[in-house]
Amino acid sequence: MGMSVIISTADTNDAEQILKLQYLGYQSEAELYGDWAIEPLTQTLESLRAELTEQHVLVARLGEEIVGTVRGRLGPDGVGRIGRLVVHPRMQRHGLGGRLLEALEERLAEDGAVTSYQLFTGHRSLGNLRLYARRGYRQTAVEQVSGRVTLVHLEKPAAAALAATA
């Protein structure tokens, strides 16, 4: 009998495992863009620990191993900003990224009234772009950040609460 992947809130004890997964997961992005100085690969353990206290960070666990993570926060403008969705390479293409994204959207909605969710990815990250499109995200802007990297900004309206029926 196989183990189930459980999504839960990360704590400071998870920081090292999250950072290792982030480093592993972003290798393919770095290779795609020819840029190994991207922020997910240069983030320090100290700054990640600070993020764990400043925003929601979810992890997907397979037993004791963290195999996925995502983070985000709800701004005062009602926009849920999502970032650093990463799934272990051996666990990709099984719906885990979508599950993490959905879980974070739900968690942000618990914080208050969400008008929309925003995130970004690199223009060459076609798998990411397909995932976000399937999840209802649409392109809102394109931003050239360097000669090699262009970011695609995406947004999804928050689901309207269903009216109570009589």
# chains A, B, ... in the order shown; residues from 1 in each chain; ligands from 1

$ select_by_dssp --residues "region 2-132 of chain A" --states "helix (DSSP H, G or I)" --output "PyMOL selection string"
chain A and resi 12-25+27-33+39-42+45-54+89-91+96-111+126-132

$ closest_atom_pairs --of "region 21-66 of chain A" --to "region 108-112 of chain A" --cutoff "12 Å" --atoms "only C-alpha atoms" --output "Markdown table"
| residue | atom | partner | partner_atom | distance |
| --- | --- | --- | --- | --- |
| A:Gln55 | CA | A:Leu108 | CA | 9.7 |
| A:His56 | CA | A:Leu108 | CA | 7.9 |
| A:Val57 | CA | A:Leu108 | CA | 10.7 |
| A:Leu58 | CA | A:Leu108 | CA | 11.2 |

$ closest_atom_pairs --of "region 9-42 of chain A" --to "region 128-146 of chain A" --cutoff "12 Å" --atoms "only C-alpha atoms" --output "CSV"
residue,atom,partner,partner_atom,distance
A:Ser28,CA,A:Asn128,CA,12.0
A:Glu29,CA,A:Asn128,CA,10.5
A:Tyr33,CA,A:Ser146,CA,10.3
A:Gly34,CA,A:Ser146,CA,11.4
A:Asp35,CA,A:Ser146,CA,10.0
A:Ala37,CA,A:Ser146,CA,11.7
A:Ile38,CA,A:Ser146,CA,10.9

$ write_last_selection --atoms "C-alpha atoms" --output "short mmCIF file (atom, residue, chain, number, x, y, z; two decimals), in the first residue's frame"
data_model
loop_
_atom_site.label_atom_id
_atom_site.label_comp_id
_atom_site.auth_asym_id
_atom_site.auth_seq_id
_atom_site.Cartn_x
_atom_site.Cartn_y
_atom_site.Cartn_z
CA SER A 28 15.48 23.14 -14.77
CA GLU A 29 14.33 26.78 -14.80
CA TYR A 33 17.10 30.51 -19.13
CA GLY A 34 20.85 30.01 -18.82
CA ASP A 35 20.77 31.90 -15.53
CA ALA A 37 21.59 33.42 -10.32
CA ILE A 38 17.79 33.39 -10.20
#

$ residues_around --residues "Leu100 (chain A)" --least-positions-apart "4" --cutoff "8 Å" --atoms "only C-alpha atoms" --output "list in words"
Ile7, Leu58, Val59, Ala60, Gly68, Thr69, Val70, Leu85, Leu96 and Leu104 of chain A

$ atom_distance --atom1 "CA of Gln118 (chain A)" --atom2 "CA of Val87 (chain A)"
19.1 Å

$ decode --residues "region 97-117 of chain A" --atoms "N, CA, C and O atoms" --output "tab-separated table (two decimals), in the first residue's frame"
chain	number	residue	atom	x	y	z
A	97	GLY	N	0.99	19.96	-8.23
A	97	GLY	CA	1.09	21.42	-8.34
A	97	GLY	C	-0.28	22.07	-8.28
A	97	GLY	O	-0.47	23.07	-7.59
A	98	GLY	N	-1.24	21.50	-8.98
A	98	GLY	CA	-2.60	22.02	-8.95
A	98	GLY	C	-3.23	21.93	-7.57
A	98	GLY	O	-3.93	22.85	-7.12
A	99	ARG	N	-2.97	20.83	-6.88
A	99	ARG	CA	-3.49	20.66	-5.51
A	99	ARG	C	-2.89	21.71	-4.56
A	99	ARG	O	-3.60	22.27	-3.73
A	100	LEU	N	-1.60	21.96	-4.69
A	100	LEU	CA	-0.95	22.96	-3.84
A	100	LEU	C	-1.52	24.35	-4.13
A	100	LEU	O	-1.81	25.12	-3.21
A	101	LEU	N	-1.68	24.67	-5.40
A	101	LEU	CA	-2.21	25.97	-5.80
A	101	LEU	C	-3.62	26.16	-5.23
A	101	LEU	O	-3.93	27.20	-4.64
A	102	GLU	N	-4.45	25.16	-5.38
A	102	GLU	CA	-5.83	25.24	-4.87
A	102	GLU	C	-5.85	25.38	-3.35
A	102	GLU	O	-6.62	26.18	-2.79
A	103	ALA	N	-5.00	24.63	-2.67
A	103	ALA	CA	-4.95	24.70	-1.21
A	103	ALA	C	-4.52	26.09	-0.74
A	103	ALA	O	-5.07	26.63	0.23
A	104	LEU	N	-3.57	26.70	-1.44
A	104	LEU	CA	-3.12	28.04	-1.06
A	104	LEU	C	-4.21	29.07	-1.35
A	104	LEU	O	-4.43	29.98	-0.54
A	105	GLU	N	-4.88	28.95	-2.47
A	105	GLU	CA	-5.98	29.87	-2.77
A	105	GLU	C	-7.03	29.81	-1.66
A	105	GLU	O	-7.52	30.84	-1.21
A	106	GLU	N	-7.36	28.59	-1.22
A	106	GLU	CA	-8.34	28.43	-0.14
A	106	GLU	C	-7.83	29.06	1.15
A	106	GLU	O	-8.58	29.73	1.88
A	107	ARG	N	-6.56	28.87	1.45
A	107	ARG	CA	-5.98	29.42	2.68
A	107	ARG	C	-6.00	30.95	2.64
A	107	ARG	O	-6.34	31.60	3.63
A	108	LEU	N	-5.68	31.53	1.49
A	108	LEU	CA	-5.69	32.99	1.36
A	108	LEU	C	-7.12	33.52	1.51
A	108	LEU	O	-7.32	34.57	2.11
A	109	ALA	N	-8.10	32.81	0.97
A	109	ALA	CA	-9.50	33.23	1.08
A	109	ALA	C	-9.96	33.23	2.53
A	109	ALA	O	-10.84	34.01	2.91
A	110	GLU	N	-9.36	32.39	3.36
A	110	GLU	CA	-9.69	32.37	4.79
A	110	GLU	C	-9.20	33.63	5.50
A	110	GLU	O	-9.70	34.00	6.56
A	111	ASP	N	-8.20	34.31	4.90
A	111	ASP	CA	-7.64	35.52	5.50
A	111	ASP	C	-8.53	36.75	5.32
A	111	ASP	O	-8.35	37.74	6.00
A	112	GLY	N	-9.42	36.70	4.34
A	112	GLY	CA	-10.27	37.87	4.07
A	112	GLY	C	-10.82	37.81	2.67
A	112	GLY	O	-10.65	36.82	1.95
A	113	ALA	N	-11.44	38.91	2.28
A	113	ALA	CA	-12.07	38.97	0.95
A	113	ALA	C	-11.00	39.07	-0.13
A	113	ALA	O	-10.25	40.04	-0.20
A	114	VAL	N	-10.93	38.05	-0.97
A	114	VAL	CA	-9.97	38.00	-2.07
A	114	VAL	C	-10.69	38.43	-3.35
A	114	VAL	O	-11.74	37.89	-3.68
A	115	THR	N	-10.11	39.40	-4.05
A	115	THR	CA	-10.69	39.81	-5.33
A	115	THR	C	-10.08	39.02	-6.48
A	115	THR	O	-10.76	38.72	-7.46
A	116	SER	N	-8.80	38.70	-6.35
A	116	SER	CA	-8.12	37.93	-7.40
A	116	SER	C	-6.84	37.32	-6.84
A	116	SER	O	-6.40	37.67	-5.75
A	117	TYR	N	-6.28	36.41	-7.63
A	117	TYR	CA	-4.99	35.79	-7.31
A	117	TYR	C	-4.03	36.14	-8.42
A	117	TYR	O	-4.40	36.12	-9.60
